[in-house]
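Asker: I'm passing along data.txt; it holds compact mmCIF, C-alpha atoms and all ligand atoms.
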```txt
# COMPACT_ATOMS: atom_id res chain seq x y z
CA MET M 119 -28.32 -1.96 21.77
CA LYS M 120 -26.62 1.37 21.37
CA VAL M 121 -23.45 1.54 23.39
CA PRO M 122 -21.49 4.79 23.64
CA ILE M 123 -18.37 2.94 22.70
CA LEU M 124 -16.29 5.94 21.80
CA ALA M 125 -17.71 8.33 24.34
CA ASN M 126 -15.00 7.78 26.92
CA PRO M 127 -11.66 9.15 25.87
CA THR M 128 -8.81 6.72 26.27
CA ASN M 129 -6.44 6.97 29.13
CA PRO M 130 -4.43 10.13 28.33
CA VAL M 131 -1.34 8.64 29.91
CA ARG M 132 -1.21 6.17 27.09
CA ALA M 133 -1.51 8.78 24.34
CA ARG M 134 1.86 9.29 22.71
CA SER M 135 3.35 12.03 20.66
CA GLU M 136 3.03 11.13 17.00
CA SER M 137 5.28 13.64 15.38
CA SER M 138 8.58 12.05 16.27
CA GLU M 139 7.83 8.49 15.16
CA ARG M 140 10.47 7.19 12.80
CA TRP M 141 7.99 5.43 10.54
CA GLN M 142 6.09 8.65 10.02
CA THR M 143 9.27 10.43 8.99
CA SER M 144 9.95 7.60 6.54
CA LEU M 145 6.53 8.09 4.99
CA LYS M 146 7.27 11.74 4.36
CA GLU M 147 10.39 10.69 2.45
CA ALA M 148 8.57 8.21 0.19
CA ILE M 149 8.82 8.35 -3.61
CA ARG M 150 5.75 9.82 -5.22
CA SER M 151 6.34 9.80 -8.97
CA GLY M 152 7.23 7.37 -11.71
CA ARG M 153 9.87 9.78 -12.96
CA GLU M 154 11.62 9.75 -9.60
CA LEU M 155 11.57 5.94 -9.55
CA VAL M 156 13.14 5.82 -13.00
CA GLN M 157 15.82 8.33 -12.02
CA LEU M 158 16.73 6.74 -8.73
CA LEU M 159 17.00 3.30 -10.33
CA GLY M 160 18.96 4.45 -13.38
CA LEU M 161 16.29 3.37 -15.86
CA GLN M 162 16.09 6.47 -18.08
CA GLN M 163 16.97 4.58 -21.23
CA THR M 164 14.60 1.68 -20.72
CA LEU M 165 11.38 2.68 -18.96
CA ALA M 166 8.83 5.43 -19.40
CA PRO M 167 6.19 5.85 -16.69
CA SER M 168 2.65 6.55 -17.83
CA ALA M 169 1.47 9.96 -16.67
CA GLN M 170 -2.16 8.91 -17.08
CA ALA M 171 -1.74 5.77 -14.96
CA ALA M 172 0.02 7.81 -12.27
CA THR M 173 -2.79 10.35 -12.28
CA ASP M 174 -5.45 7.64 -11.91
CA PHE M 175 -3.58 6.01 -9.03
CA PRO M 176 -0.53 7.95 -7.79
CA VAL M 177 2.85 6.35 -7.28
CA PHE M 178 3.85 5.78 -3.66
CA VAL M 179 6.88 3.73 -2.62
CA THR M 180 8.85 3.79 0.61
CA ARG M 181 12.64 4.13 0.49
CA GLU M 182 12.78 0.84 2.37
CA PHE M 183 10.99 -0.94 -0.48
CA LEU M 184 13.01 0.94 -3.10
CA SER M 185 16.24 -0.32 -1.54
CA ARG M 186 15.20 -3.90 -2.40
CA ILE M 187 14.79 -3.15 -6.12
CA GLN M 188 17.73 -4.01 -8.36
CA PRO M 189 18.95 -0.74 -9.98
CA GLY M 190 19.01 -0.82 -13.77
CA ASP M 191 16.63 -3.77 -14.10
CA PRO M 192 13.36 -2.76 -15.76
CA ALA M 193 11.96 -6.28 -15.14
CA ASP M 194 12.61 -6.27 -11.39
CA PRO M 195 9.70 -8.09 -9.67
CA LEU M 196 9.37 -5.43 -6.98
CA LEU M 197 9.53 -2.56 -9.44
CA ARG M 198 6.71 -4.11 -11.47
CA GLN M 199 4.44 -3.96 -8.44
CA VAL M 200 4.77 -0.19 -8.11
CA PHE M 201 5.54 1.12 -11.59
CA PRO M 202 2.74 3.02 -13.41
CA ALA M 203 2.66 1.23 -16.77
CA ALA M 204 0.94 2.44 -19.93
CA SER M 205 -0.94 -0.89 -20.11
CA GLU M 206 -2.93 0.11 -17.01
CA THR M 207 -4.95 2.65 -18.91
CA ALA M 208 -6.29 0.17 -21.47
CA ALA M 209 -9.88 -0.92 -20.87
CA VAL M 210 -10.05 -4.73 -20.71
CA GLU M 211 -13.30 -6.62 -20.77
CA GLY M 212 -14.18 -8.21 -17.43
CA PHE M 213 -11.95 -5.84 -15.44
CA GLY M 214 -14.07 -3.32 -13.51
CA SER M 215 -13.86 -0.89 -10.62
CA ASP M 216 -15.48 -3.03 -7.87
CA PRO M 217 -14.62 -6.61 -8.86
CA LEU M 218 -15.67 -8.05 -5.51
CA GLN M 219 -18.98 -6.16 -5.36
CA GLU M 220 -18.01 -4.88 -1.95
CA ALA M 221 -20.50 -2.09 -2.31
CA SER M 222 -23.36 -4.57 -1.97
CA PHE M 223 -21.93 -6.09 1.23
CA THR M 224 -21.33 -2.78 2.96
CA ARG M 225 -23.49 -2.52 6.08
CA CYS M 226 -22.53 1.02 6.89
CA GLY M 227 -19.58 3.35 6.27
CA GLY M 228 -16.47 1.18 6.13
CA LEU M 229 -18.05 -2.05 7.44
CA ILE M 230 -18.11 -4.99 5.02
CA HIS M 231 -19.86 -8.16 6.16
CA LYS M 232 -19.53 -11.05 3.72
CA TYR M 233 -18.58 -14.11 5.76
CA ALA M 234 -19.98 -15.75 8.86
CA GLY M 235 -18.52 -14.63 12.17
CA ARG M 236 -16.19 -12.00 10.81
CA VAL M 237 -16.51 -8.46 9.52
CA LEU M 238 -14.04 -6.28 7.74
CA LEU M 239 -13.54 -2.69 8.79
CA VAL M 240 -11.99 -0.38 6.21
CA THR M 241 -10.16 1.92 8.57
CA THR M 242 -8.35 4.25 6.21
CA GLY M 243 -7.63 4.74 2.54
CA ALA M 244 -3.95 5.35 3.16
CA CYS M 245 -1.18 2.85 2.39
CA ALA M 246 2.60 3.01 2.58
CA ILE M 247 2.86 1.64 -0.95
CA HIS M 248 0.58 1.77 -3.95
CA CYS M 249 0.40 -1.67 -5.50
CA ARG M 250 -0.64 -1.33 -9.11
CA TYR M 251 -2.77 -4.50 -8.97
CA CYS M 252 -4.69 -3.40 -5.85
CA PHE M 253 -8.32 -4.52 -6.00
CA ARG M 254 -9.37 -1.51 -3.97
CA ARG M 255 -7.61 0.98 -6.23
CA HIS M 256 -11.02 2.41 -7.16
CA PHE M 257 -12.57 2.00 -3.70
CA PRO M 258 -14.77 4.93 -2.63
CA TYR M 259 -12.61 5.80 0.36
CA SER M 260 -14.34 9.14 0.70
CA ASP M 261 -17.38 7.21 2.00
CA ILE M 262 -15.57 5.66 4.96
CA PRO M 263 -15.24 7.29 8.40
CA HIS M 264 -12.62 10.01 8.52
CA SER M 265 -12.52 10.67 12.20
CA ILE M 266 -12.69 8.27 15.05
CA ASP M 267 -16.19 9.33 16.08
CA GLN M 268 -17.50 8.48 12.63
CA TRP M 269 -16.79 4.82 13.36
CA GLN M 270 -19.58 4.78 15.89
CA PRO M 271 -22.24 3.40 13.48
CA ALA M 272 -19.94 0.53 12.47
CA LEU M 273 -19.15 -0.19 16.12
CA ASP M 274 -22.86 -0.14 16.98
CA GLU M 275 -23.56 -2.63 14.18
CA ILE M 276 -20.85 -4.95 15.52
CA ALA M 277 -22.13 -4.58 19.08
CA ASP M 278 -25.65 -5.42 17.88
CA ASP M 279 -24.68 -8.64 16.14
CA GLU M 280 -23.56 -11.39 18.48
CA SER M 281 -22.69 -13.69 15.59
CA ILE M 282 -19.59 -11.59 14.95
CA GLU M 283 -16.57 -12.87 16.82
CA GLU M 284 -13.72 -11.48 14.74
CA VAL M 285 -13.05 -8.05 13.33
CA LEU M 286 -10.57 -7.58 10.52
CA LEU M 287 -8.93 -4.20 10.28
CA SER M 288 -8.16 -3.51 6.65
CA GLY M 289 -7.99 -0.56 4.35
CA GLY M 290 -5.97 0.86 2.90
CA ASP M 291 -3.65 -0.13 5.65
CA PRO M 292 -4.82 0.01 9.30
CA LEU M 293 -1.27 0.43 10.57
CA MET M 294 -1.19 3.80 8.83
CA LEU M 295 -3.32 4.98 11.75
CA ALA M 296 -1.28 6.73 14.41
CA ASP M 297 -0.98 4.79 17.65
CA PRO M 298 -3.43 6.88 19.70
CA VAL M 299 -6.12 6.44 17.03
CA LEU M 300 -5.48 2.74 16.65
CA GLU M 301 -5.51 2.35 20.39
CA ARG M 302 -8.87 4.07 20.71
CA LEU M 303 -10.32 1.84 18.05
CA ILE M 304 -8.97 -1.32 19.66
CA ASP M 305 -10.25 -0.17 23.06
CA ALA M 306 -13.69 0.35 21.57
CA LEU M 307 -13.67 -3.07 19.92
CA GLN M 308 -12.48 -4.95 22.95
CA SER M 309 -15.28 -3.46 25.02
CA ILE M 310 -17.75 -5.40 22.85
CA PRO M 311 -18.16 -8.58 24.91
CA HIS M 312 -18.84 -11.07 22.10
CA LEU M 313 -15.69 -10.19 20.12
CA ARG M 314 -12.91 -12.71 20.55
CA ARG M 315 -10.32 -11.91 17.90
CA LEU M 316 -8.83 -8.97 16.09
CA ARG M 317 -7.15 -9.54 12.78
CA ILE M 318 -4.92 -6.87 11.27
CA HIS M 319 -4.31 -6.97 7.54
CA SER M 320 -1.25 -4.86 6.83
CA ARG M 321 1.58 -4.52 4.34
CA LEU M 322 3.49 -2.12 6.61
CA PRO M 323 5.62 -4.75 8.38
CA ILE M 324 6.97 -5.52 4.89
CA VAL M 325 7.25 -2.10 3.26
CA LEU M 326 7.91 -0.04 6.40
CA PRO M 327 9.35 -2.35 9.07
CA SER M 328 9.97 0.51 11.50
CA ARG M 329 6.18 0.62 12.00
CA VAL M 330 6.53 -2.52 14.10
CA ASN M 331 7.96 -0.60 17.04
CA ASP M 332 7.78 -1.45 20.72
CA ALA M 333 4.74 0.74 21.29
CA LEU M 334 2.75 -1.11 18.65
CA VAL M 335 3.75 -4.53 19.90
CA GLU M 336 2.85 -3.51 23.45
CA MET M 337 -0.53 -2.23 22.35
CA LEU M 338 -1.38 -5.41 20.49
CA THR M 339 -0.23 -7.76 23.20
CA ALA M 340 -2.08 -5.77 25.87
CA SER M 341 -5.44 -6.33 24.19
CA ARG M 342 -7.84 -8.87 25.68
CA LEU M 343 -8.61 -9.90 22.09
CA THR M 344 -6.50 -12.56 20.42
CA VAL M 345 -4.58 -10.70 17.74
CA TRP M 346 -3.60 -12.24 14.42
CA MET M 347 -1.55 -10.38 11.83
CA VAL M 348 -1.86 -11.01 8.12
CA VAL M 349 0.89 -9.40 6.05
CA HIS M 350 1.20 -9.19 2.29
CA SER M 351 4.33 -9.94 0.31
CA ASN M 352 4.68 -11.39 -3.15
CA HIS M 353 8.37 -12.00 -3.63
CA ALA M 354 11.28 -13.12 -1.45
CA ASN M 355 13.19 -9.92 -2.27
CA GLU M 356 10.60 -7.99 -0.26
CA LEU M 357 11.61 -9.89 2.87
CA ASP M 358 14.97 -8.35 3.64
CA GLU M 359 16.59 -8.37 7.02
CA ALA M 360 14.70 -5.35 8.35
CA ALA M 361 11.36 -6.84 7.34
CA GLY M 362 12.38 -10.14 8.92
CA GLN M 363 13.21 -8.39 12.19
CA GLY M 364 9.88 -6.57 12.29
CA LEU M 365 8.00 -9.82 11.75
CA GLY M 366 10.16 -11.49 14.36
CA ARG M 367 9.21 -8.85 16.94
CA LEU M 368 5.53 -9.71 16.48
CA ILE M 369 6.05 -13.46 16.51
CA ASP M 370 8.39 -13.36 19.51
CA ARG M 371 5.60 -11.71 21.46
CA GLY M 372 3.11 -14.40 20.53
CA ILE M 373 1.30 -12.75 17.64
CA PRO M 374 0.84 -15.30 14.85
CA VAL M 375 1.68 -13.92 11.41
CA LEU M 376 0.25 -15.20 8.12
CA ASN M 377 1.15 -14.01 4.64
CA GLN M 378 -1.03 -13.47 1.67
CA ALA M 379 0.34 -13.04 -1.81
CA VAL M 380 -1.23 -12.28 -5.15
CA LEU M 381 -0.21 -14.35 -8.17
CA LEU M 382 1.18 -11.72 -10.53
CA ARG M 383 2.56 -12.06 -14.02
CA GLY M 384 6.18 -10.98 -14.19
CA VAL M 385 6.47 -10.91 -10.38
CA ASN M 386 6.00 -14.40 -8.96
CA ASP M 387 4.48 -16.57 -11.69
CA ASP M 388 7.35 -18.99 -11.80
CA LEU M 389 8.12 -21.90 -9.56
CA ASP M 390 11.52 -20.71 -8.38
CA ALA M 391 10.17 -17.30 -7.35
CA LEU M 392 7.25 -18.81 -5.43
CA THR M 393 9.45 -21.43 -3.81
CA ASP M 394 11.87 -18.76 -2.62
CA LEU M 395 9.00 -16.67 -1.25
CA CYS M 396 7.44 -19.53 0.70
CA ARG M 397 10.78 -20.82 1.96
CA ARG M 398 11.79 -17.35 3.16
CA LEU M 399 8.43 -16.96 4.92
CA ILE M 400 8.68 -20.19 6.86
CA ASP M 401 12.30 -19.44 7.76
CA LEU M 402 10.88 -16.28 9.33
CA ARG M 403 8.11 -18.35 11.05
CA VAL M 404 5.43 -16.73 8.89
CA THR M 405 2.81 -19.14 7.50
CA PRO M 406 1.93 -18.78 3.80
CA TYR M 407 -1.87 -18.46 4.00
CA TYR M 408 -3.37 -17.50 0.66
CA LEU M 409 -2.11 -17.11 -2.87
CA HIS M 410 -4.82 -15.03 -4.49
CA LYS M 411 -5.89 -15.25 -8.07
CA LEU M 412 -5.81 -11.65 -9.25
CA ASP M 413 -9.07 -9.81 -8.70
CA GLN M 414 -10.25 -8.38 -11.98
CA VAL M 415 -9.80 -4.73 -11.22
CA ALA M 416 -9.51 -2.21 -14.03
CA GLY M 417 -5.86 -1.32 -14.65
CA ALA M 418 -4.43 -4.67 -13.52
CA ALA M 419 -5.16 -6.94 -16.49
CA HIS M 420 -1.49 -7.14 -17.48
CA PHE M 421 -0.78 -8.93 -14.16
CA ASP M 422 -3.27 -11.72 -14.79
CA VAL M 423 -2.14 -15.35 -14.63
CA SER M 424 -4.47 -18.20 -15.61
CA LYS M 425 -6.02 -20.54 -13.05
CA GLU M 426 -4.37 -23.48 -14.78
CA ARG M 427 -0.93 -21.95 -14.41
CA GLY M 428 -1.65 -21.17 -10.76
CA CYS M 429 -2.62 -24.80 -10.09
CA GLU M 430 0.53 -26.01 -11.80
CA LEU M 431 2.63 -23.74 -9.61
CA ILE M 432 0.96 -24.94 -6.41
CA GLU M 433 1.49 -28.57 -7.42
CA GLY M 434 5.12 -27.70 -8.07
CA LEU M 435 5.48 -26.15 -4.62
CA ARG M 436 4.11 -29.36 -3.07
CA THR M 437 6.96 -31.33 -4.62
CA ARG M 438 9.54 -28.99 -3.15
CA LEU M 439 8.41 -27.72 0.25
CA PRO M 440 6.90 -28.92 3.52
CA GLY M 441 3.12 -29.02 3.53
CA TYR M 442 2.77 -26.03 5.83
CA ALA M 443 4.76 -23.88 3.39
CA VAL M 444 2.24 -24.25 0.57
CA PRO M 445 -0.49 -21.58 0.50
CA ARG M 446 -4.06 -22.16 -0.63
CA PHE M 447 -4.68 -20.83 -4.11
CA VAL M 448 -7.95 -18.93 -3.83
CA ILE M 449 -10.24 -16.74 -5.81
CA GLU M 450 -12.83 -14.40 -4.46
CA GLN M 451 -16.27 -14.81 -5.92
CA PRO M 452 -18.75 -12.21 -4.78
CA ASP M 453 -21.66 -14.61 -4.17
CA GLN M 454 -19.79 -17.26 -2.14
CA PRO M 455 -19.81 -17.70 1.67
CA SER M 456 -15.99 -17.90 1.77
CA LYS M 457 -13.06 -17.47 -0.55
CA THR M 458 -13.08 -20.27 -3.11
CA THR M 459 -10.15 -22.66 -2.90
CA ILE M 460 -8.95 -23.55 -6.39
CA VAL M 461 -6.26 -25.90 -5.15
C1 LIG H 1 -11.13 -12.03 2.66
C2 LIG H 1 -12.16 -11.43 3.50
C3 LIG H 1 -12.32 -11.84 4.83
C4 LIG H 1 -11.43 -12.88 5.48
O1 LIG H 1 -11.56 -14.13 4.92
P1 LIG H 1 -10.75 -15.34 5.58
O2 LIG H 1 -10.97 -16.46 4.63
O3 LIG H 1 -11.26 -15.54 6.94
O4 LIG H 1 -9.30 -14.90 5.61
C5 LIG H 1 -13.33 -11.28 5.57
N1 LIG H 1 -14.17 -10.35 5.04
C6 LIG H 1 -14.03 -9.94 3.77
C7 LIG H 1 -14.98 -8.93 3.25
C8 LIG H 1 -13.02 -10.45 2.95
O5 LIG H 1 -12.89 -10.00 1.71
S1 LIG H 2 -0.97 -2.23 0.50
FE1 LIG H 2 -2.84 -3.45 0.11
S2 LIG H 2 -4.53 -1.94 0.11
FE2 LIG H 2 -2.60 -0.81 -0.10
S3 LIG H 2 -2.29 -0.55 -2.33
FE3 LIG H 2 -1.20 -2.41 -1.73
S4 LIG H 2 -2.68 -4.07 -2.05
FE4 LIG H 2 -3.84 -2.15 -2.01
```
Translate this structure into C-alpha cells?
Ligand SMILES: *Cc1c(COP(=O)(O)O)cnc(C)c1O
Ligand code: SF4
Answerer:
Amino acid sequence: MKVPILANPTNPVRARSESSERWQTSLKEAIRSGRELVQLLGLQQTLAPSAQAATDFPVFVTREFLSRIQPGDPADPLLRQVFPAASETAAVEGFGSDPLQEASFTRCGGLIHKYAGRVLLVTTGACAIHCRYCFRRHFPYSDIPHSIDQWQPALDEIADDESIEEVLLSGGDPLMLADPVLERLIDALQSIPHLRRLRIHSRLPIVLPSRVNDALVEMLTASRLTVWMVVHSNHANELDEAAGQGLGRLIDRGIPVLNQAVLLRGVNDDLDALTDLCRRLIDLRVTPYYLHKLDQVAGAAHFDVSKERGCELIEGLRTRLPGYAVPRFVIEQPDQPSKTTIV
C-alpha cells in the first residue's frame, strides 16, 4: 500500500508563525562553547575545557539549564553532563560509535524497528542540550530525512506494516521541530489507521520548559492517537520550578509523563542523588521509567558505572521510596527483543 500521506497540506489556518516563539529565541541565546561555560560559572581557576572534545561534539546548553548549575563548583552534577572533558578523547576498548547497532535495524532513512509493535522515528539531529554521554553522539544524522516530504518512505513503511501500533518520535529531539512541521508529521501518522499511540521522547520539557506552550499541548491533546511523553532528567537539580510547571501542563491535560535517566558517574551514582531525583519526579506526578546502564559510546567511558553498583543503588531506592518511584535498571543489548532488565 502506498498512501500519499504527506500529499495534502495541513489546514493553513492551523499553521502558526514560528519566528516569535519564546523557546526559539531561547535557543538562539544558548551557550555554545566550553570557554563560555567556564567564564559564566566562574571556573577559570579550576576547569579547562577540551578543544578537541568540543570539536568532536560541540557544546550546547540552554540558559535555563545553566541557571541550575552551582557557580564555582567544578563537580556540579549538571555541569558534568555538558562539559567537554579531555577524557572524552581517549579511545577506550569496548566503546564505539554505534553501540546499539542501530544501523542494522534501520528500515529506511530515520526509521528504526527493533521491538514488536513499535518503531522509532529519528526526526531530527537537533537537541537543545548536548549531553556528553549521548549514545547517538556519532549518529549519521545526515542520512535521516531533512524535509517533511523525505519522511514519506518511513511513513509508507509504517502504513504497510499492520503490526506497528506505536510510533516513537526521537532524535535528536522531536520537540526541536517547529509546530507546523510537527503538526504535519502527527497528521500524517494519525491518518494511518492501525496506529494507536504516539510516544514523544524529549528532553526539552526539562532543558527548555517554555517549549511546552499552549499550542503544543493543544496539538498533542487534539490528536486521535494516545500520546505518551517520555522525558529525560538525571538529577533533581534539573527539575526546577519552571521544568515542574511545564511537566504539569502536560499532565494536567491528560498526557502521561515518564522519565528516563542514565546512570552516570559523578552525576547520580549515589543513593541520595537518585533518591532525590525519584522523589522529585513523583512529587511532580512523573513516573520514573528506566534507569539506563550507560551505552558504550566512544567519548563517554568516564561516565561508566558498574552493573553491580547500579543494582545496589536500585535496592537502596526500594528501601526508601514507594514502589512506583523506583525505575527499572536496564541495559540495551542489540540482539534482544526488548531492553534487558538488570533489576
Ligand atoms: C528503547 C527503544 C524503544 C522503546 O522501548 P520501550 O521498552 O518500549 O520503552 C523502541 N525502539 C527502539 C529502537 C528503542 O531503542
Ligand atoms: S537530549 Fe538526548 S539525544 Fe540530545 S544529546 Fe542529550 S541524550 Fe542525546
Asker: Select from chain M every residue with an atom at most 10 Å from any atom of ligand LIG 2 (chain H), then for each give the shortest pair of atoms and their distance in Å to one decimal, using all atoms listed in the file, rows by chain and rising number, as a Markdown table.
Answerer:
```
| residue | atom | partner | partner_atom | distance |
| --- | --- | --- | --- | --- |
| M:Phe175 | CA | H:LIG2 | S3 | 9.5 |
| M:Val177 | CA | H:LIG2 | S3 | 9.9 |
| M:Phe178 | CA | H:LIG2 | S3 | 8.9 |
| M:Gln199 | CA | H:LIG2 | FE3 | 8.9 |
| M:Val200 | CA | H:LIG2 | FE3 | 9.0 |
| M:Val240 | CA | H:LIG2 | S2 | 9.8 |
| M:Thr242 | CA | H:LIG2 | S2 | 9.5 |
| M:Gly243 | CA | H:LIG2 | S2 | 7.8 |
| M:Ala244 | CA | H:LIG2 | FE2 | 7.1 |
| M:Cys245 | CA | H:LIG2 | FE2 | 4.6 |
| M:Ala246 | CA | H:LIG2 | S1 | 6.7 |
| M:Ile247 | CA | H:LIG2 | S1 | 5.6 |
| M:His248 | CA | H:LIG2 | S3 | 4.0 |
| M:Cys249 | CA | H:LIG2 | FE3 | 4.2 |
| M:Arg250 | CA | H:LIG2 | S3 | 7.0 |
| M:Tyr251 | CA | H:LIG2 | S4 | 6.9 |
| M:Cys252 | CA | H:LIG2 | FE4 | 4.1 |
| M:Phe253 | CA | H:LIG2 | FE4 | 6.5 |
| M:Arg254 | CA | H:LIG2 | FE4 | 5.9 |
| M:Arg255 | CA | H:LIG2 | FE4 | 6.5 |
| M:His256 | CA | H:LIG2 | FE4 | 9.9 |
| M:Phe257 | CA | H:LIG2 | S2 | 9.7 |
| M:Ser288 | CA | H:LIG2 | S2 | 7.6 |
| M:Gly289 | CA | H:LIG2 | S2 | 5.6 |
| M:Gly290 | CA | H:LIG2 | S2 | 4.2 |
| M:Asp291 | CA | H:LIG2 | FE2 | 5.9 |
| M:Pro292 | CA | H:LIG2 | S2 | 9.4 |
| M:His319 | CA | H:LIG2 | FE1 | 8.4 |
| M:Ser320 | CA | H:LIG2 | S1 | 6.9 |
| M:Arg321 | CA | H:LIG2 | S1 | 5.1 |
| M:Leu322 | CA | H:LIG2 | S1 | 7.6 |
| M:Ile324 | CA | H:LIG2 | S1 | 9.7 |
| M:Val325 | CA | H:LIG2 | S1 | 8.7 |
| M:Val349 | CA | H:LIG2 | FE1 | 9.2 |
| M:His350 | CA | H:LIG2 | FE1 | 7.3 |
| M:Ser351 | CA | H:LIG2 | S1 | 9.4 |
| M:Ala379 | CA | H:LIG2 | S4 | 9.5 |
| M:Val380 | CA | H:LIG2 | S4 | 8.9 |
```
Asker: Please report the interatomic distance between atom CA of Val415 of chain M and atom CA of Leu357 of chain M in Å with one decimal.
Answerer: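 It comes out at 26.1 Å.
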Asker: Give me, as a tab-separated table (two decimals) with C-alpha atoms, keeping the file's coordinate frame, all polymer residues having an atom no more than 9 Å from Asn352 of chain M, counting all atoms listed in the file and skipping those fewer than 4 positions away in the same chain.
Answerer:
```tsv
chain	number	residue	atom	x	y	z
M	195	PRO	CA	9.70	-8.09	-9.67
M	196	LEU	CA	9.37	-5.43	-6.98
M	356	GLU	CA	10.60	-7.99	-0.26
M	377	ASN	CA	1.15	-14.01	4.64
M	378	GLN	CA	-1.03	-13.47	1.67
M	379	ALA	CA	0.34	-13.04	-1.81
M	380	VAL	CA	-1.23	-12.28	-5.15
M	381	LEU	CA	-0.21	-14.35	-8.17
M	382	LEU	CA	1.18	-11.72	-10.53
M	385	VAL	CA	6.47	-10.91	-10.38
M	386	ASN	CA	6.00	-14.40	-8.96
M	392	LEU	CA	7.25	-18.81	-5.43
M	395	LEU	CA	9.00	-16.67	-1.25
M	409	LEU	CA	-2.11	-17.11	-2.87
```
Asker: Counting all atoms listed in the file, what are the residues, protein, DNA or RNA alike, that approach ligand LIG 1 (chain H) to within 7 Å? I want them as a list in words.
Answerer: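 With all atoms listed in the file and a cut-off of 7 Å, ligand LIG 1 (chain H) is contacted by Ile230, His231, Lys232, Tyr233, Arg236, Val237, Leu238, Leu286, Ser456 and Lys457 of chain M.
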Asker: Nearest to Leu334 of chain M among M:Glu139, M:Ala148, M:Ala193, M:Ala272, with distances taken over all atoms listed in the file: which residue is it?
Answerer: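 Among M:Glu139, M:Ala148, M:Ala193, M:Ala272, it is M:Glu139 that comes nearest to Leu334 of chain M.
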Asker: So, counting all atoms listed in the file, which residue among M:Glu147, M:Glu154, M:Glu220, M:Asp422 is closest to Leu326 of chain M?
Answerer: M:Glu147
Asker: Pick out the closest residue to Asp390 of chain M from this set: M:Arg367, M:Glu426, M:Gly228, M:Leu435. Count only C-alpha atoms.
Answerer: M:Leu435
Asker: Between M:Met337, M:Ala203, M:Leu439, M:Val285, which has the minimum distance to Arg317 of chain M (counting only C-alpha atoms)?
Answerer: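 The shortest atom-to-atom distance to Arg317 of chain M comes from M:Val285.
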Asker: Would you mind reading off the distance between atom CA of Arg383 of chain M and atom CA of Ser205 of chain M, one decimal, in Å?
Answerer: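 Answer for the atom CA of Arg383 of chain M to atom CA of Ser205 of chain M separation: 13.2 Å.
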Asker: Report, in Å with one decimal, the straight-line distance from atom CA of Val404 of chain M to atom CA of Leu368 of chain M.
Answerer: 10.3 Å
Asker: Pick out the closest residue to Leu293 of chain M from this set: M:Arg397, M:Thr241, M:Asp332, M:Ile262. Count only C-alpha atoms.
Answerer: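 Comparing M:Arg397, M:Thr241, M:Asp332, M:Ile262 against Leu293 of chain M, the winner is M:Thr241.
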Asker: Can you pull out every residue within 12 Å of Ile304 of chain M, counting only C-alpha atoms, but drop anything in the same chain fewer than 3 positions away, and send it as a ChimeraX atom specification?
Answerer: /M:123-124,128,239,241,266,269,273,285-287,292,295,297-301,307-310,313,315-318,334,337-345
Asker: Quick one: residues within 10 Å of segment 142-146 of chain M, only C-alpha atoms counted, chain neighbours fewer than 4 positions away excluded, as a PDB file with C-alpha atoms, in the coordinates of the input?
Answerer:
```
ATOM      1  CA  GLU M 136       3.030  11.130  17.000  1.00  0.00           C
ATOM      2  CA  SER M 137       5.280  13.640  15.380  1.00  0.00           C
ATOM      3  CA  SER M 138       8.580  12.050  16.270  1.00  0.00           C
ATOM      4  CA  ARG M 150       5.750   9.820  -5.220  1.00  0.00           C
ATOM      5  CA  PHE M 178       3.850   5.780  -3.660  1.00  0.00           C
ATOM      6  CA  VAL M 179       6.880   3.730  -2.620  1.00  0.00           C
ATOM      7  CA  THR M 180       8.850   3.790   0.610  1.00  0.00           C
ATOM      8  CA  ARG M 181      12.640   4.130   0.490  1.00  0.00           C
ATOM      9  CA  GLU M 182      12.780   0.840   2.370  1.00  0.00           C
ATOM     10  CA  CYS M 245      -1.180   2.850   2.390  1.00  0.00           C
ATOM     11  CA  ALA M 246       2.600   3.010   2.580  1.00  0.00           C
ATOM     12  CA  ILE M 247       2.860   1.640  -0.950  1.00  0.00           C
ATOM     13  CA  MET M 294      -1.190   3.800   8.830  1.00  0.00           C
ATOM     14  CA  ALA M 296      -1.280   6.730  14.410  1.00  0.00           C
ATOM     15  CA  LEU M 326       7.910  -0.040   6.400  1.00  0.00           C
ATOM     16  CA  SER M 328       9.970   0.510  11.500  1.00  0.00           C
ATOM     17  CA  ARG M 329       6.180   0.620  12.000  1.00  0.00           C
TER      18      ARG M 329
END
```
Asker: Which one of M:Gln157, M:Thr458, M:Gln451, M:Ser424 sits closest to Pro189 of chain M if you count only C-alpha atoms?
Answerer: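 Counting only C-alpha atoms, the residue closest to Pro189 of chain M is M:Gln157.
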Asker: Within 9 Å of Ile432 of chain M, counting all atoms listed in the file, which residues show up once you throw out same-chain ones fewer than 3 positions away? Write them as a ChimeraX atom specification, please.
Answerer: /M:389,392,427-429,435-437,444-447,461
Asker: Could you complete segment 285-289 of chain M so that it carries N, CA, C and O atoms, and give it back as a tab-separated table (two decimals), in the coordinates of the input?
Answerer:
```
chain	number	residue	atom	x	y	z
M	285	VAL	N	-13.06	-9.25	14.16
M	285	VAL	CA	-13.05	-8.05	13.33
M	285	VAL	C	-11.71	-7.96	12.61
M	285	VAL	O	-10.65	-8.11	13.23
M	286	LEU	N	-11.79	-7.77	11.31
M	286	LEU	CA	-10.57	-7.58	10.52
M	286	LEU	C	-10.39	-6.09	10.27
M	286	LEU	O	-11.30	-5.44	9.76
M	287	LEU	N	-9.24	-5.58	10.64
M	287	LEU	CA	-8.93	-4.20	10.28
M	287	LEU	C	-8.20	-4.25	8.95
M	287	LEU	O	-7.19	-4.93	8.80
M	288	SER	N	-8.75	-3.52	7.98
M	288	SER	CA	-8.16	-3.51	6.65
M	288	SER	C	-8.15	-2.09	6.15
M	288	SER	O	-8.29	-1.14	6.91
M	289	GLY	N	-8.02	-1.92	4.89
M	289	GLY	CA	-7.99	-0.56	4.35
M	289	GLY	C	-7.97	-0.62	2.83
M	289	GLY	O	-8.65	-1.45	2.23
```
